[in-house]
Amino acid sequence: MRIVVLVGLPGSGKSTWLEGMRVAGLSSDSIRKLLVDDETDQTVHDRVFQTLRYLLRQRLALNRAVSYVDATNLTPAERAPYIAIGKSYGCEVEAVFFDAPLEVCRERNARRNRVVPEEAMARMALKLVPPAEAEGFAGVTVIRG
Ligand SMILES: Nc1ncnc2c1ncn2[C@@H]1O[C@H](COP(=O)(O)OP(=O)(O)O)[C@@H](O)[C@H]1O
Ligand SMILES: [Mg+2]
C-alpha cells in the first residue's frame, strides 16, 4: 500500500493531474463541499482534515493499493499526519510536488470559477516548503510546468 501526498499552490495542477489518471483523490475541496456545501468555506478547516484522515484510514483498513491526498499540503507540519498514518499501517508515503511558478498558479486561479483571493495566494506562496525525503517520504517526485 502507498499514500501519495500531493503538494502545491492552488492552481498548480494537482486535481487536473489526478483527473488525467482517472483517479479520485481524497480532496479537501470535495470534502468541504460534502460537509458545508461550499468548496471555499475555510471556517471548517479542522473538520475537513479530520474527515480526510478518517477516509484515508478507512481506505488503508480496506487494503487499497494507492491513496492520493489532494490538498495544498504546503508545510512539513501539514504533511506529517500522513507520514504518521503511513507508519501505523506499514505503508510507504510518497510526495508529488507541483512546482509551478506563482505567476502561473495566479493566472490559472484567476481563470477558474472558484477563485482563491490574491492575498491568500501570496500568503500560501510564502508558506510553501517543498517536500523532502527527510520528512519521512519514501520518494519525492517534482512536476514542473
Ligand atoms: N499542466 C497544465 N497546463 C495548463 N493548465 C493547467 C494545467 N494543470 C492545470 N491546469 C488548469 O489550471 C487550473 C487549476 O488546476 P487544478 O488542477 O484545479 O489546480 P489545483 O488542484 O492544484 O488547485 C484548471 O483550470 C486547469 O485546467
Ligand atoms: Mg484542486
# chains A, B, ... in the order shown; residues from 1 in each chain; ligands from 1
$ residues_near_ligand --ligand "ligand 1" --cutoff "6 Å" --atoms "only C-alpha atoms and all ligand atoms" --output "PyMOL selection string"
chain A and resi 8-16+108-109+112
$ closest_atom_pairs --of "region 49-107 of chain A" --to "region 20-32 of chain A" --cutoff "10 Å" --atoms "only C-alpha atoms" --output "tab-separated table"
residue	atom	partner	partner_atom	distance
A:Phe49	CA	A:Ser28	CA	6.9
A:Thr51	CA	A:Ile31	CA	7.4
A:Leu52	CA	A:Leu26	CA	6.4
A:Arg53	CA	A:Leu26	CA	8.9
A:Leu55	CA	A:Leu26	CA	7.6
A:Leu56	CA	A:Leu26	CA	7.4
A:Val66	CA	A:Gly25	CA	9.6
A:Ser67	CA	A:Gly25	CA	6.8
A:Tyr68	CA	A:Gly25	CA	4.7
A:Val69	CA	A:Leu26	CA	4.9
A:Asp70	CA	A:Ser27	CA	4.4
A:Ala71	CA	A:Ser28	CA	5.5
A:Thr72	CA	A:Ser28	CA	8.7
$ write_last_selection --atoms "C-alpha atoms" --output "PDB file, in the first residue's frame"
ATOM      1  CA  PHE A  49      -8.914  17.444   7.556  1.00  0.00           C
ATOM      2  CA  THR A  51     -12.622  13.759   7.712  1.00  0.00           C
ATOM      3  CA  LEU A  52      -9.868  13.420   5.115  1.00  0.00           C
ATOM      4  CA  ARG A  53      -7.682  11.452   7.563  1.00  0.00           C
ATOM      5  CA  LEU A  55     -11.330   8.410   4.914  1.00  0.00           C
ATOM      6  CA  LEU A  56      -7.627   7.687   4.371  1.00  0.00           C
ATOM      7  CA  VAL A  66      -2.824   3.653  -3.574  1.00  0.00           C
ATOM      8  CA  SER A  67      -4.446   6.627  -1.834  1.00  0.00           C
ATOM      9  CA  TYR A  68      -3.899  10.182  -3.080  1.00  0.00           C
ATOM     10  CA  VAL A  69      -4.225  13.189  -0.771  1.00  0.00           C
ATOM     11  CA  ASP A  70      -5.394  16.142  -2.896  1.00  0.00           C
ATOM     12  CA  ALA A  71      -4.803  19.266  -0.794  1.00  0.00           C
ATOM     13  CA  THR A  72      -2.162  22.007  -0.886  1.00  0.00           C
TER      14      THR A  72
END
$ residues_around --residues "region 84-88 of chain A" --least-positions-apart "5" --cutoff "9 Å" --atoms "only C-alpha atoms" --output "VMD selection string"
chain A and resid 1 to 3 53 56 to 57 60 93 136
$ residues_around --residues "Ala132 (chain A)" --least-positions-apart "4" --cutoff "12 Å" --atoms "only C-alpha atoms" --output "PyMOL selection string"
chain A and resi 5+7+74-76+79-80+93-97+136-142
$ closest_residue --among "A:Tyr82, A:Asp38, A:Gly145, A:Pro117" --to "Tyr54 (chain A)" --atoms "only C-alpha atoms"
A:Tyr82
$ atom_distance --atom1 "CA of Arg144 (chain A)" --atom2 "CA of Asp99 (chain A)"
5.0 Å
$ atom_distance --atom1 "CA of Phe98 (chain A)" --atom2 "CA of Ala125 (chain A)"
12.5 Å
$ closest_residue --among "A:Leu34, A:Arg123, A:Glu39, A:Pro81" --to "ligand 2" --atoms "only C-alpha atoms and all ligand atoms"
A:Glu39
$ closest_residue --among "A:Ala122, A:Ala61, A:Trp17, A:Val4" --to "ligand 2" --atoms "only C-alpha atoms and all ligand atoms"
A:Trp17
$ select_by_dssp --residues "region 29-94 of chain A" --states "helix (DSSP H, G or I)" --output "number ranges by chain"
A: 29-36, 42-61, 76-88
$ atom_distance --atom1 "CA of Ala65 (chain A)" --atom2 "CA of Ala134 (chain A)"
23.7 Å
$ select_by_dssp --residues "region 5-96 of chain A" --states "strand (DSSP E or B)" --output "list in words"
Val5, Leu6, Val7, Leu26, Ser27, Val66, Ser67, Tyr68, Val69, Asp70, Glu92, Val93, Glu94, Ala95 and Val96 of chain A
$ decode --residues "region 48-94 of chain A" --atoms "C-alpha atoms" --output "compact mmCIF listing (two decimals), in the first residue's frame"
# COMPACT_ATOMS: atom_id res chain seq x y z
CA VAL A 48 -12.35 18.86 6.79
CA PHE A 49 -8.91 17.44 7.56
CA GLN A 50 -10.21 15.14 10.31
CA THR A 51 -12.62 13.76 7.71
CA LEU A 52 -9.87 13.42 5.11
CA ARG A 53 -7.68 11.45 7.56
CA TYR A 54 -10.67 9.30 8.57
CA LEU A 55 -11.33 8.41 4.91
CA LEU A 56 -7.63 7.69 4.37
CA ARG A 57 -7.52 5.31 7.35
CA GLN A 58 -10.66 3.56 6.08
CA ARG A 59 -9.01 3.06 2.68
CA LEU A 60 -5.89 1.62 4.32
CA ALA A 61 -8.01 -0.68 6.50
CA LEU A 62 -9.57 -1.91 3.25
CA ASN A 63 -6.08 -2.51 1.79
CA ARG A 64 -6.49 -0.09 -1.10
CA ALA A 65 -3.23 -0.11 -3.07
CA VAL A 66 -2.82 3.65 -3.57
CA SER A 67 -4.45 6.63 -1.83
CA TYR A 68 -3.90 10.18 -3.08
CA VAL A 69 -4.22 13.19 -0.77
CA ASP A 70 -5.39 16.14 -2.90
CA ALA A 71 -4.80 19.27 -0.79
CA THR A 72 -2.16 22.01 -0.89
CA ASN A 73 -0.08 20.31 1.89
CA LEU A 74 2.32 23.25 1.88
CA THR A 75 4.38 22.62 5.03
CA PRO A 76 6.09 19.69 6.77
CA ALA A 77 3.64 20.14 9.68
CA GLU A 78 0.63 19.73 7.36
CA ARG A 79 2.21 16.65 5.74
CA ALA A 80 3.36 14.95 8.97
CA PRO A 81 -0.03 13.31 9.79
CA TYR A 82 0.12 11.31 6.54
CA ILE A 83 3.61 10.06 7.31
CA ALA A 84 2.39 9.00 10.77
CA ILE A 85 -0.69 7.26 9.32
CA GLY A 86 1.56 5.51 6.78
CA LYS A 87 3.79 4.24 9.58
CA SER A 88 0.88 2.91 11.60
CA TYR A 89 -0.45 0.97 8.59
CA GLY A 90 3.02 -0.13 7.43
CA CYS A 91 2.77 1.60 4.07
CA GLU A 92 5.09 3.94 2.20
CA VAL A 93 4.31 7.59 1.79
CA GLU A 94 5.43 9.50 -1.28
